[in-house]
>>> print(open('protein.txt').read())   # compact mmCIF, C-alpha atoms
# COMPACT_ATOMS: atom_id res chain seq x y z
CA MET A 1 -10.61 -21.75 12.18
CA THR A 2 -7.32 -22.82 13.76
CA PRO A 3 -7.22 -21.30 17.25
CA PRO A 4 -4.43 -18.68 17.32
CA ASP A 5 -2.56 -20.36 20.16
CA SER A 6 -2.41 -23.71 18.35
CA ALA A 7 -0.91 -22.29 15.19
CA GLY A 8 1.69 -24.14 13.15
CA THR A 9 5.31 -24.10 14.24
CA ASP A 10 8.17 -22.19 12.68
CA SER A 11 9.00 -23.68 9.27
CA ALA A 12 12.62 -22.59 9.71
CA GLY A 13 13.43 -23.83 13.18
CA PRO A 14 16.73 -24.87 14.73
CA GLY A 15 19.02 -26.58 12.26
CA SER A 16 17.27 -25.09 9.24
CA PRO A 17 19.42 -23.58 6.48
CA PRO A 18 20.08 -19.85 6.68
CA GLY A 19 17.66 -17.56 4.89
CA PRO A 20 18.52 -16.10 1.47
CA LEU A 21 19.32 -12.71 3.07
CA SER A 22 21.37 -14.16 5.92
CA GLY A 23 24.40 -12.03 6.79
CA LEU A 24 22.79 -8.73 5.82
CA LEU A 25 22.27 -6.07 8.48
CA VAL A 26 19.28 -3.72 8.20
CA ALA A 27 19.14 -0.44 10.12
CA ASP A 28 15.39 0.14 10.31
CA PHE A 29 14.57 3.79 11.02
CA SER A 30 10.99 3.41 9.81
CA ARG A 31 7.72 3.34 11.68
CA VAL A 32 3.98 2.78 11.20
CA LEU A 33 3.35 0.46 8.20
CA ALA A 34 5.07 0.74 4.81
CA GLY A 35 8.63 0.71 6.16
CA PRO A 36 8.10 -1.85 8.95
CA TYR A 37 6.28 -4.17 6.54
CA CYS A 38 9.22 -3.92 4.13
CA THR A 39 11.80 -4.63 6.84
CA MET A 40 9.77 -7.51 8.28
CA LEU A 41 9.85 -9.20 4.89
CA LEU A 42 13.64 -8.77 4.79
CA ALA A 43 13.89 -10.13 8.34
CA ASP A 44 11.75 -13.16 7.48
CA LEU A 45 14.22 -13.99 4.73
CA GLY A 46 17.23 -13.97 7.03
CA ALA A 47 18.39 -10.36 7.37
CA ASP A 48 19.25 -9.08 10.86
CA VAL A 49 16.94 -6.10 11.40
CA ILE A 50 17.59 -3.59 14.16
CA LYS A 51 14.51 -1.45 14.70
CA VAL A 52 15.44 2.04 15.87
CA GLU A 53 12.60 3.61 17.83
CA SER A 54 12.17 6.90 19.60
CA PRO A 55 12.01 6.51 23.39
CA GLY A 56 8.21 6.58 23.08
CA GLY A 57 8.22 3.74 20.55
CA ASP A 58 6.67 3.23 17.14
CA ASP A 59 3.34 5.06 16.84
CA THR A 60 1.51 1.81 16.10
CA ARG A 61 2.28 0.42 19.56
CA ALA A 62 -0.62 2.62 20.73
CA TRP A 63 -3.00 1.82 17.85
CA MET A 64 -5.61 -0.30 19.62
CA PRO A 65 -7.97 -2.02 19.94
CA PRO A 66 -7.45 -4.80 19.11
CA ALA A 67 -4.61 -5.88 21.37
CA ARG A 68 -2.90 -9.04 22.60
CA ASP A 69 -1.67 -8.97 26.18
CA GLY A 70 -1.91 -5.21 26.15
CA VAL A 71 0.10 -4.78 22.93
CA SER A 72 -1.42 -3.46 19.71
CA THR A 73 -1.99 -6.21 17.17
CA TYR A 74 -1.29 -3.58 14.50
CA PHE A 75 2.29 -3.31 15.77
CA LEU A 76 2.60 -7.06 16.30
CA SER A 77 1.52 -7.83 12.74
CA ILE A 78 4.49 -6.05 11.09
CA ASN A 79 7.43 -6.24 13.50
CA ARG A 80 8.41 -9.87 14.06
CA ASN A 81 12.02 -11.00 13.64
CA LYS A 82 13.41 -7.61 14.72
CA ARG A 83 15.45 -6.32 17.63
CA SER A 84 14.54 -2.96 19.17
CA VAL A 85 16.79 -0.20 20.39
CA ALA A 86 15.38 3.13 21.60
CA LEU A 87 17.49 6.11 20.52
CA ASP A 88 16.73 9.77 21.02
CA LEU A 89 18.30 11.38 17.97
CA ARG A 90 18.36 14.73 19.79
CA ASP A 91 20.86 13.25 22.23
CA SER A 92 24.48 13.33 21.04
CA SER A 93 25.44 9.87 22.32
CA ASP A 94 22.31 8.26 20.89
CA ARG A 95 22.87 10.11 17.63
CA ALA A 96 26.42 8.75 17.49
CA ALA A 97 25.10 5.22 18.06
CA ALA A 98 22.61 5.70 15.24
CA ALA A 99 25.35 6.91 12.90
CA GLU A 100 27.54 3.94 13.81
CA LEU A 101 24.66 1.56 13.14
CA ALA A 102 24.15 3.15 9.70
CA ARG A 103 27.89 2.87 9.05
CA ARG A 104 27.86 -0.86 9.72
CA ALA A 105 24.58 -1.64 7.95
CA ASP A 106 24.11 -3.14 4.50
CA ILE A 107 20.66 -1.59 4.24
CA MET A 108 19.01 1.40 5.86
CA VAL A 109 15.26 2.01 5.61
CA GLU A 110 13.66 5.28 6.71
CA ASN A 111 10.34 7.01 6.28
CA PHE A 112 10.95 10.39 7.88
CA LYS A 113 9.57 13.44 6.13
CA PRO A 114 11.87 14.38 3.23
CA GLY A 115 14.93 16.07 4.70
CA GLY A 116 13.94 15.10 8.24
CA LEU A 117 17.15 13.18 8.92
CA ASN A 118 19.49 15.87 7.59
CA LYS A 119 19.83 17.60 10.95
CA TYR A 120 20.92 14.33 12.54
CA GLY A 121 23.53 13.50 9.90
CA LEU A 122 21.53 10.43 8.88
CA ASP A 123 20.52 11.54 5.37
CA TYR A 124 21.73 9.53 2.40
CA GLN A 125 24.63 11.84 1.55
CA SER A 126 26.00 11.72 5.10
CA VAL A 127 25.49 7.98 5.59
CA SER A 128 26.88 7.00 2.19
CA ALA A 129 29.97 9.15 2.74
CA ALA A 130 30.83 6.91 5.69
CA ASN A 131 29.42 3.73 4.13
CA PRO A 132 29.56 3.85 0.31
CA ALA A 133 28.19 0.30 0.01
CA ILE A 134 24.95 1.01 1.82
CA VAL A 135 21.60 0.52 0.11
CA TYR A 136 19.59 3.36 1.58
CA ALA A 137 15.82 3.23 1.08
CA SER A 138 13.57 6.23 1.66
CA ILE A 139 9.79 5.85 1.79
CA THR A 140 7.64 8.96 1.52
CA GLY A 141 4.01 9.79 0.93
CA PHE A 142 4.26 11.92 -2.18
CA GLY A 143 7.92 12.01 -3.19
CA THR A 144 10.60 14.60 -2.56
CA GLY A 145 9.48 17.25 -5.08
CA GLY A 146 6.26 19.19 -4.96
CA GLY A 147 4.70 16.76 -2.49
CA LYS A 148 7.53 16.72 0.04
CA ASN A 149 5.53 18.63 2.65
CA LEU A 150 2.41 16.47 2.41
CA PRO A 151 2.03 13.94 5.24
CA GLY A 152 2.08 10.38 3.97
CA TYR A 153 -1.07 8.74 5.29
CA ASP A 154 -2.56 5.85 3.34
CA LEU A 155 -6.10 7.21 3.51
CA MET A 156 -4.94 10.48 1.96
CA VAL A 157 -3.36 8.56 -0.88
CA GLN A 158 -6.45 6.41 -1.39
CA ALA A 159 -8.42 9.63 -1.78
CA MET A 160 -5.97 11.64 -3.86
CA SER A 161 -4.89 8.82 -6.18
CA GLY A 162 -8.47 8.16 -7.30
CA LEU A 163 -8.91 4.75 -5.65
CA MET A 164 -11.79 5.91 -3.46
CA SER A 165 -13.62 7.17 -6.54
CA LEU A 166 -13.62 3.53 -7.74
CA THR A 167 -14.69 1.94 -4.46
CA GLY A 168 -18.26 1.61 -3.25
CA ASP A 169 -21.76 1.56 -4.70
CA PRO A 170 -22.27 3.74 -7.78
CA ALA A 171 -25.13 5.56 -6.05
CA GLY A 172 -23.29 5.92 -2.75
CA PRO A 173 -20.23 7.76 -1.44
CA PRO A 174 -16.62 6.83 -2.20
CA TYR A 175 -15.08 4.30 0.21
CA ARG A 176 -11.58 3.45 1.35
CA ALA A 177 -10.27 -0.07 1.00
CA GLY A 178 -10.60 -2.18 4.14
CA ILE A 179 -6.82 -2.15 4.67
CA SER A 180 -4.04 0.41 4.22
CA LEU A 181 -3.53 -0.94 0.76
CA PHE A 182 -0.97 1.50 -0.58
CA ASP A 183 1.22 1.32 2.51
CA VAL A 184 1.51 -2.41 1.85
CA ILE A 185 2.10 -2.00 -1.90
CA CYS A 186 4.70 0.70 -1.27
CA GLY A 187 6.46 -1.55 1.27
CA LEU A 188 6.57 -4.31 -1.33
CA HIS A 189 7.93 -1.91 -3.95
CA ALA A 190 10.60 -0.74 -1.51
CA ALA A 191 11.64 -4.34 -0.83
CA VAL A 192 11.95 -5.01 -4.58
CA GLY A 193 14.02 -1.85 -4.97
CA ILE A 194 16.33 -2.82 -2.10
CA LEU A 195 16.92 -6.31 -3.49
CA SER A 196 17.59 -4.86 -6.95
CA ALA A 197 20.15 -2.44 -5.53
CA LEU A 198 21.80 -5.27 -3.59
CA HIS A 199 22.13 -7.26 -6.81
CA GLN A 200 23.84 -4.34 -8.52
CA ARG A 201 26.09 -3.82 -5.50
CA ALA A 202 27.31 -7.39 -5.84
CA SER A 203 29.03 -6.44 -9.09
CA SER A 204 29.79 -2.74 -8.55
CA GLY A 205 30.60 -2.71 -4.86
CA GLU A 206 28.62 0.51 -4.55
CA GLY A 207 25.31 1.09 -2.83
CA GLN A 208 22.69 3.60 -3.89
CA HIS A 209 19.63 5.54 -2.80
CA VAL A 210 16.30 3.80 -3.45
CA GLU A 211 13.15 5.90 -3.20
CA ALA A 212 9.54 4.73 -3.03
CA ASN A 213 6.42 6.75 -2.34
CA LEU A 214 2.82 5.89 -1.64
CA MET A 215 1.35 8.01 -4.43
CA SER A 216 3.45 6.45 -7.21
CA SER A 217 2.86 3.00 -5.73
CA ALA A 218 -0.87 3.71 -5.77
CA LEU A 219 -0.92 4.76 -9.42
CA SER A 220 1.13 1.70 -10.37
CA GLY A 221 -0.93 -0.61 -8.17
CA MET A 222 -4.21 0.52 -9.73
CA VAL A 223 -2.95 -1.12 -12.95
CA ASN A 224 -5.81 -1.39 -15.48
CA GLN A 225 -7.72 1.54 -13.98
CA THR A 226 -4.88 4.07 -14.22
CA GLY A 227 -3.77 2.38 -17.44
CA ALA A 228 -7.20 3.03 -18.96
CA TYR A 229 -6.70 6.75 -18.51
CA ALA A 230 -3.03 6.81 -19.53
CA ALA A 231 -3.54 4.77 -22.69
CA ALA A 232 -7.07 5.68 -23.77
CA GLY A 233 -8.14 8.78 -21.84
CA VAL A 234 -10.89 6.81 -20.11
CA VAL A 235 -11.72 7.95 -16.57
CA PRO A 236 -12.95 4.87 -14.66
CA PHE A 237 -15.95 5.18 -12.37
CA ARG A 238 -17.38 3.48 -9.32
CA MET A 239 -19.13 0.21 -10.20
CA GLY A 240 -19.65 -1.44 -6.82
CA ASN A 241 -18.55 -5.06 -7.12
CA SER A 242 -18.70 -5.12 -10.91
CA HIS A 243 -15.68 -5.24 -13.21
CA PRO A 244 -15.35 -2.71 -16.05
CA SER A 245 -14.13 -5.27 -18.59
CA LEU A 246 -15.56 -8.66 -17.55
CA PHE A 247 -18.94 -10.21 -16.80
CA PRO A 248 -19.82 -12.16 -14.77
CA TYR A 249 -17.09 -11.09 -12.38
CA GLU A 250 -18.95 -10.17 -9.19
CA PRO A 251 -21.17 -11.57 -6.42
CA LEU A 252 -24.33 -13.26 -7.65
CA PRO A 253 -27.20 -14.28 -5.35
CA THR A 254 -27.84 -17.96 -4.67
CA GLY A 255 -30.41 -19.75 -2.56
CA ASP A 256 -28.75 -18.70 0.72
CA GLY A 257 -26.35 -15.85 0.02
CA ASP A 258 -23.98 -14.38 -2.51
CA LEU A 259 -21.31 -16.32 -4.38
CA ILE A 260 -18.43 -14.68 -6.24
CA VAL A 261 -18.54 -15.91 -9.84
CA THR A 262 -15.68 -14.98 -12.18
CA SER A 263 -15.80 -15.99 -15.81
CA GLY A 264 -12.57 -14.73 -17.29
CA ASN A 265 -13.12 -16.19 -20.76
CA ASP A 266 -15.78 -17.65 -23.02
CA ARG A 267 -14.96 -21.25 -22.11
CA GLN A 268 -15.53 -20.58 -18.43
CA PHE A 269 -18.83 -18.83 -19.19
CA ARG A 270 -20.03 -21.81 -21.23
CA ALA A 271 -19.12 -24.16 -18.37
CA LEU A 272 -21.06 -21.92 -15.96
CA CYS A 273 -24.13 -22.04 -18.18
CA VAL A 274 -24.00 -25.82 -18.45
CA VAL A 275 -23.70 -26.33 -14.69
CA ILE A 276 -26.62 -24.03 -13.87
CA GLY A 277 -28.78 -25.70 -16.55
CA ALA A 278 -28.87 -22.82 -19.04
CA PRO A 279 -26.53 -23.83 -21.90
CA GLU A 280 -28.57 -21.73 -24.32
CA LEU A 281 -27.15 -18.55 -22.74
CA ALA A 282 -23.68 -19.41 -24.03
CA ASP A 283 -25.07 -19.58 -27.58
CA ASP A 284 -27.02 -16.35 -27.36
CA PRO A 285 -25.22 -13.86 -29.62
CA ARG A 286 -25.65 -11.17 -26.97
CA PHE A 287 -23.68 -13.23 -24.43
CA ALA A 288 -21.46 -15.61 -26.38
CA ALA A 289 -18.38 -13.35 -26.23
CA ASN A 290 -17.07 -11.36 -23.29
CA GLU A 291 -17.56 -7.98 -24.94
CA GLY A 292 -21.24 -8.73 -25.45
CA ARG A 293 -21.69 -10.05 -21.92
CA THR A 294 -20.08 -6.92 -20.51
CA ALA A 295 -22.23 -4.62 -22.66
CA ASN A 296 -25.39 -6.57 -21.80
CA ARG A 297 -24.66 -7.32 -18.17
CA ASP A 298 -27.98 -5.84 -16.98
CA LEU A 299 -29.83 -8.34 -19.19
CA LEU A 300 -27.65 -11.31 -18.29
CA ARG A 301 -27.38 -10.82 -14.54
CA PRO A 302 -31.04 -11.66 -13.67
CA LEU A 303 -30.95 -14.69 -15.96
CA LEU A 304 -27.97 -16.10 -14.06
CA ALA A 305 -29.43 -15.15 -10.68
CA GLU A 306 -32.70 -16.93 -11.50
CA ARG A 307 -30.88 -20.23 -12.00
CA LEU A 308 -28.48 -19.80 -9.07
CA ALA A 309 -31.35 -19.06 -6.68
CA GLY A 310 -32.44 -22.69 -6.74
CA ARG A 311 -29.55 -24.04 -4.63
CA PRO A 312 -27.27 -22.89 -1.77
CA ALA A 313 -23.91 -21.26 -2.40
CA ALA A 314 -21.88 -24.18 -0.98
CA GLU A 315 -23.37 -26.63 -3.50
CA TRP A 316 -22.78 -24.29 -6.42
CA PHE A 317 -19.22 -23.71 -5.23
CA ARG A 318 -18.39 -27.43 -5.33
CA GLU A 319 -19.99 -28.02 -8.72
CA LEU A 320 -18.70 -24.91 -10.44
CA ILE A 321 -15.13 -25.41 -9.22
CA ALA A 322 -15.28 -29.01 -10.43
CA ALA A 323 -16.35 -27.72 -13.85
CA GLY A 324 -13.48 -25.22 -14.00
CA VAL A 325 -15.51 -22.09 -13.21
CA PRO A 326 -13.70 -19.78 -10.76
CA CYS A 327 -15.96 -18.90 -7.84
CA GLY A 328 -15.96 -18.64 -4.09
CA PRO A 329 -17.86 -17.65 -0.97
CA ILE A 330 -17.46 -14.23 0.67
CA ASN A 331 -15.74 -15.10 3.94
CA THR A 332 -15.06 -13.09 7.05
CA VAL A 333 -11.36 -12.89 8.00
CA ASP A 334 -11.59 -15.91 10.30
CA GLY A 335 -13.25 -17.82 7.48
CA GLY A 336 -10.45 -16.85 5.12
CA ILE A 337 -7.82 -18.15 7.53
CA ALA A 338 -9.83 -21.32 8.12
CA PHE A 339 -10.13 -21.92 4.37
CA ALA A 340 -6.38 -21.41 3.86
CA THR A 341 -5.81 -23.88 6.69
CA GLU A 342 -8.04 -26.45 4.99
CA LEU A 343 -5.96 -26.06 1.84
CA GLY A 344 -2.77 -26.86 3.77
CA LEU A 345 -1.34 -23.35 3.37
CA GLU A 346 -0.61 -23.14 7.12
CA PRO A 347 -1.39 -19.41 7.27
CA VAL A 348 -0.65 -18.99 10.98
CA VAL A 349 2.81 -19.68 12.41
CA ILE A 350 4.50 -19.01 15.74
CA ALA A 351 7.14 -16.28 15.90
CA GLY A 352 9.60 -17.07 18.69
CA ASP A 353 9.93 -20.05 21.00
CA GLY A 354 8.22 -21.28 24.12
CA ASP A 355 6.06 -18.97 26.18
CA ALA A 356 7.37 -15.95 24.25
CA GLY A 357 6.06 -17.31 20.94
CA MET A 358 3.29 -15.37 19.25
CA PRO A 359 0.88 -16.39 16.47
CA THR A 360 1.50 -14.44 13.30
CA ILE A 361 0.59 -14.66 9.61
CA ARG A 362 3.06 -16.64 7.52
CA ASN A 363 5.32 -14.93 5.01
CA PRO A 364 3.68 -15.79 1.65
CA LEU A 365 6.94 -16.76 -0.07
CA ARG A 366 8.03 -20.39 -0.22
CA PHE A 367 11.65 -21.39 -0.87
CA SER A 368 12.76 -24.93 -1.65
CA ALA A 369 16.15 -24.54 0.06
CA SER A 370 15.98 -21.56 2.45
CA PRO A 371 12.59 -21.14 4.10
CA ALA A 372 11.39 -18.01 5.84
CA ARG A 373 12.16 -17.87 9.54
CA TYR A 374 10.08 -16.79 12.52
CA HIS A 375 12.70 -16.83 15.26
CA LEU A 376 11.80 -13.63 17.13
CA PRO A 377 8.44 -12.31 18.33
CA PRO A 378 7.85 -8.57 17.91
CA PRO A 379 10.10 -6.75 20.40
CA ALA A 380 9.26 -4.60 23.38
CA ILE A 381 10.58 -1.03 23.24
CA ASP A 382 14.38 -1.12 23.65
CA GLU A 383 14.23 -4.84 24.43
CA HIS A 384 17.66 -5.37 22.87
CA GLY A 385 19.01 -1.89 23.56
CA GLU A 386 21.77 -2.87 26.00
CA GLN A 387 23.10 -5.58 23.69
CA ILE A 388 22.97 -3.33 20.62
CA ARG A 389 24.64 -0.36 22.31
CA ALA A 390 27.44 -2.56 23.62
CA TRP A 391 28.03 -3.94 20.14
CA LEU A 392 28.06 -0.49 18.55
CA ALA A 393 30.49 0.81 21.20
CA ALA A 394 33.01 -1.95 20.50
CA PRO A 395 35.36 -0.75 17.73
CA GLY A 396 36.05 -3.24 14.98
CA SER A 397 33.30 -5.50 16.25
CA PRO A 398 32.26 -8.21 13.76
CA GLY A 399 28.73 -8.64 12.45
CA PHE A 400 25.81 -8.23 14.79
CA PRO A 401 25.85 -10.99 17.44
CA GLY A 402 22.36 -12.23 16.68
>>> encode(input="protein.txt", output="structure tokens")
Amino acid sequence: MTPPDSAGTDSAGPGSPPGPLSGLLVADFSRVLAGPYCTMLLADLGADVIKVESPGGDDTRAWMPPARDGVSTYFLSINRNKRSVALDLRDSSDRAAAAELARRADIMVENFKPGGLNKYGLDYQSVSAANPAIVYASITGFGTGGGKNLPGYDLMVQAMSGLMSLTGDPAGPPYRAGISLFDVICGLHAAVGILSALHQRASSGEGQHVEANLMSSALSGMVNQTGAYAAAGVVPFRMGNSHPSLFPYEPLPTGDGDLIVTSGNDRQFRALCVVIGAPELADDPRFAANEGRTANRDLLRPLLAERLAGRPAAEWFRELIAAGVPCGPINTVDGGIAFATELGLEPVVIAGDGDAGMPTIRNPLRFSASPARYHLPPPAIDEHGEQIRAWLAAPGSPGFPG
């Protein structure tokens, strides 16, 4: 694994071309995960993001362990490339500063409870009246209708969407995913919505209200599982590491541990059988086609495991990949980062310069002409407050002096 403090340097350093969203100002009134992840992606791509925090700061600043230099790594992982200003929206002068920021912004992102910004004059109707071109994105847990009063926590959505009913051993209890999956998916959906609205604004001159919620993102993100019910009335069930429509597509035991083996088509299955020395399995009418393999998985699984048991996982990995059979070891997180490093993906980069620089995970997008930037480490609470307040207080001030 690449040690965190010797991570790769910023791919968009001094002299690099501006990012594709350069010149756009984002007023970020979001906190926790879905909203901050969305705005970090926009910031990586060149937008100037001003993170508005309460005087106590984003909740995730206190979500530790783990921590780096006393700061929550949860917060650090989703707030690079932003400037922080602490505003108490109950205070009239801070509320006026917030309204002025929204008036100047191209984009506003918020994840207050539905209607929560109305009393501050920062709801879409109020903001768009002063700034008709704004793209205003609201992120909620369960929408603004019947679910408006439900708190939007990812674990709740994993439970209520049905995901947990699909996760875990069939004989055991339901499990959550190892990450806040639907917060991330919702943040991605919000970013897509914002960019779509910006594209329309380029021709119409008018902004609009973009809404995303965790529950709808969950049902969309569960793709074939929710699609099975919508299209065929099939209620999926918990299958452990097995796939409902493919086999083999799961961990299989080898001589020294499990190896993920994924045969997505008949050609790949035949190649698997040849490599493990059992070509006759590919000709067996029970296993020759995917539908038969899936129906007869309990017969086929021990036959594959018997052959794979003769050699260690690393040897099978090399030979099966060479033969065109998708497979891979089950890594820990450090192993995953190390493997990506071996592939030249440079997964860890430094956000910021010099002693202030902090290792962070690279934005996954690659651009041939305008690479992602990592010019600012995650901010301290109100780190840029004096500069931002002075800019907002100056009438007719040009774009943010960042």
>>> residues_around(input="protein.txt", residues="stretch 153-164 of chain A", least_positions_apart="4", cutoff="7 Å", atoms="only C-alpha atoms", output="list in words")
Gly141, Pro174, Tyr175, Arg176, Ser180, Phe182, Asp183, Leu214, Met215, Ala218 and Leu219 of chain A
>>> closest_atom_pairs(input="protein.txt", of="stretch 53-130 of chain A", to="stretch 189-210 of chain A", cutoff="12 Å", atoms="only C-alpha atoms", output="tab-separated table")
residue	atom	partner	partner_atom	distance
A:Ala105	CA	A:Gly207	CA	11.1
A:Asp106	CA	A:Gly207	CA	8.5
A:Ile107	CA	A:Ile194	CA	7.8
A:Met108	CA	A:Ile194	CA	9.4
A:Val109	CA	A:Ala190	CA	8.9
A:Glu110	CA	A:Val210	CA	10.6
A:Asn111	CA	A:Ala190	CA	11.0
A:Asp123	CA	A:His209	CA	10.2
A:Tyr124	CA	A:His209	CA	6.9
A:Gln125	CA	A:His209	CA	9.1
A:Ser126	CA	A:His209	CA	11.9
A:Val127	CA	A:His209	CA	10.5
A:Ser128	CA	A:Gly207	CA	7.9
A:Ala129	CA	A:Gly207	CA	10.8
A:Ala130	CA	A:Gly207	CA	11.7
>>> atom_distance(input="protein.txt", atom1="atom CA of A:Ala271", atom2="atom CA of A:Asp283")
11.9 Å
>>> closest_residue(input="protein.txt", among="A:Pro379, A:Gly116, A:Pro36, A:Pro151", to="A:Cys186", atoms="only C-alpha atoms")
A:Pro36
>>> closest_residue(input="protein.txt", among="A:Gly172, A:Pro17, A:Pro66, A:Pro329", to="A:Gly257", atoms="all atoms listed in the file")
A:Pro329
>>> residues_around(input="protein.txt", residues="stretch 360-371 of chain A", least_positions_apart="4", cutoff="8 Å", atoms="only C-alpha atoms", output="PDB file with C-alpha atoms, in the frame of the given file")
ATOM      1  CA  SER A  11       9.000 -23.680   9.270  1.00  0.00           C
ATOM      2  CA  ALA A  12      12.620 -22.590   9.710  1.00  0.00           C
ATOM      3  CA  SER A  16      17.270 -25.090   9.240  1.00  0.00           C
ATOM      4  CA  PRO A  17      19.420 -23.580   6.480  1.00  0.00           C
ATOM      5  CA  PRO A  18      20.080 -19.850   6.680  1.00  0.00           C
ATOM      6  CA  GLY A  19      17.660 -17.560   4.890  1.00  0.00           C
ATOM      7  CA  PRO A  20      18.520 -16.100   1.470  1.00  0.00           C
ATOM      8  CA  LEU A  41       9.850  -9.200   4.890  1.00  0.00           C
ATOM      9  CA  ASP A  44      11.750 -13.160   7.480  1.00  0.00           C
ATOM     10  CA  LEU A  45      14.220 -13.990   4.730  1.00  0.00           C
ATOM     11  CA  SER A  77       1.520  -7.830  12.740  1.00  0.00           C
ATOM     12  CA  GLU A 346      -0.610 -23.140   7.120  1.00  0.00           C
ATOM     13  CA  PRO A 347      -1.390 -19.410   7.270  1.00  0.00           C
ATOM     14  CA  VAL A 348      -0.650 -18.990  10.980  1.00  0.00           C
ATOM     15  CA  VAL A 349       2.810 -19.680  12.410  1.00  0.00           C
ATOM     16  CA  ILE A 350       4.500 -19.010  15.740  1.00  0.00           C
ATOM     17  CA  ALA A 351       7.140 -16.280  15.900  1.00  0.00           C
TER      18      ALA A 351
END
>>> closest_residue(input="protein.txt", among="A:Val235, A:Leu300, A:Val275, A:Ala356", to="A:Gly324", atoms="only C-alpha atoms")
A:Val275
>>> atom_distance(input="protein.txt", atom1="atom CA of A:Asn79", atom2="atom CA of A:Gly335")
24.5 Å
>>> atom_distance(input="protein.txt", atom1="atom CA of A:Arg389", atom2="atom CA of A:Phe112")
22.6 Å
>>> axis_aligned_box(input="protein.txt", around="stretch 186-196 of chain A", padding_each_side="3 Å", output="lines of an AutoDock Vina configuration file")
center_x = 11.1
center_y = -2.8
center_z = -2.8
size_x = 18.9
size_y = 13.0
size_z = 14.2
>>> residues_around(input="protein.txt", residues="A:Gln387", least_positions_apart="3", cutoff="12 Å", atoms="only C-alpha atoms", output="list in words")
Ile50, Arg83, Ser84, Val85, Ala86, Asp382, Glu383, His384, Ala390, Trp391, Leu392, Ala393, Ala394, Phe400, Pro401 and Gly402 of chain A
>>> closest_residue(input="protein.txt", among="A:Ala47, A:Leu122, A:Leu188, A:Val71", to="A:Leu89", atoms="all atoms listed in the file")
A:Leu122
>>> closest_residue(input="protein.txt", among="A:Ala27, A:Leu117, A:Ala62, A:Ala309", to="A:Glu100", atoms="all atoms listed in the file")
A:Ala27
>>> closest_residue(input="protein.txt", among="A:Ser165, A:Asn224, A:Asn131, A:Thr60", to="A:Met239", atoms="all atoms listed in the file")
A:Ser165
>>> residues_around(input="protein.txt", residues="A:Cys327", least_positions_apart="2", cutoff="9 Å", atoms="all atoms listed in the file", output="short mmCIF file (atom, residue, chain, number, x, y, z; two decimals) with C-alpha atoms, in the coordinates of the input")
data_model
loop_
_atom_site.label_atom_id
_atom_site.label_comp_id
_atom_site.auth_asym_id
_atom_site.auth_seq_id
_atom_site.Cartn_x
_atom_site.Cartn_y
_atom_site.Cartn_z
CA LEU A 259 -21.31 -16.32 -4.38
CA ILE A 260 -18.43 -14.68 -6.24
CA VAL A 261 -18.54 -15.91 -9.84
CA THR A 262 -15.68 -14.98 -12.18
CA SER A 263 -15.80 -15.99 -15.81
CA TRP A 316 -22.78 -24.29 -6.42
CA PHE A 317 -19.22 -23.71 -5.23
CA LEU A 320 -18.70 -24.91 -10.44
CA ILE A 321 -15.13 -25.41 -9.22
CA VAL A 325 -15.51 -22.09 -13.21
CA PRO A 329 -17.86 -17.65 -0.97
#
>>> build_atoms(input="protein.txt", residues="stretch 384-393 of chain A", atoms="N, CA and C atoms", output="PDB file, keeping the file's coordinate frame")
ATOM      1  N   HIS A 384      16.288  -4.926  23.152  1.00  0.00           N
ATOM      2  CA  HIS A 384      17.660  -5.370  22.870  1.00  0.00           C
ATOM      3  C   HIS A 384      18.652  -4.208  22.941  1.00  0.00           C
ATOM      4  N   GLY A 385      18.207  -3.106  23.561  1.00  0.00           N
ATOM      5  CA  GLY A 385      19.010  -1.890  23.560  1.00  0.00           C
ATOM      6  C   GLY A 385      20.379  -2.062  24.177  1.00  0.00           C
ATOM      7  N   GLU A 386      20.472  -2.711  25.327  1.00  0.00           N
ATOM      8  CA  GLU A 386      21.770  -2.870  26.000  1.00  0.00           C
ATOM      9  C   GLU A 386      22.733  -3.656  25.127  1.00  0.00           C
ATOM     10  N   GLN A 387      22.258  -4.749  24.551  1.00  0.00           N
ATOM     11  CA  GLN A 387      23.100  -5.580  23.690  1.00  0.00           C
ATOM     12  C   GLN A 387      23.559  -4.809  22.461  1.00  0.00           C
ATOM     13  N   ILE A 388      22.646  -4.057  21.846  1.00  0.00           N
ATOM     14  CA  ILE A 388      22.970  -3.330  20.620  1.00  0.00           C
ATOM     15  C   ILE A 388      23.953  -2.197  20.902  1.00  0.00           C
ATOM     16  N   ARG A 389      23.732  -1.460  21.985  1.00  0.00           N
ATOM     17  CA  ARG A 389      24.640  -0.360  22.310  1.00  0.00           C
ATOM     18  C   ARG A 389      26.045  -0.870  22.610  1.00  0.00           C
ATOM     19  N   ALA A 390      26.122  -1.993  23.312  1.00  0.00           N
ATOM     20  CA  ALA A 390      27.440  -2.560  23.620  1.00  0.00           C
ATOM     21  C   ALA A 390      28.161  -2.961  22.337  1.00  0.00           C
ATOM     22  N   TRP A 391      27.428  -3.536  21.419  1.00  0.00           N
ATOM     23  CA  TRP A 391      28.030  -3.940  20.140  1.00  0.00           C
ATOM     24  C   TRP A 391      28.500  -2.727  19.347  1.00  0.00           C
ATOM     25  N   LEU A 392      27.681  -1.682  19.311  1.00  0.00           N
ATOM     26  CA  LEU A 392      28.060  -0.490  18.550  1.00  0.00           C
ATOM     27  C   LEU A 392      29.243   0.237  19.197  1.00  0.00           C
ATOM     28  N   ALA A 393      29.399   0.118  20.501  1.00  0.00           N
ATOM     29  CA  ALA A 393      30.490   0.810  21.200  1.00  0.00           C
ATOM     30  C   ALA A 393      31.813   0.087  21.063  1.00  0.00           C
TER      31      ALA A 393
END
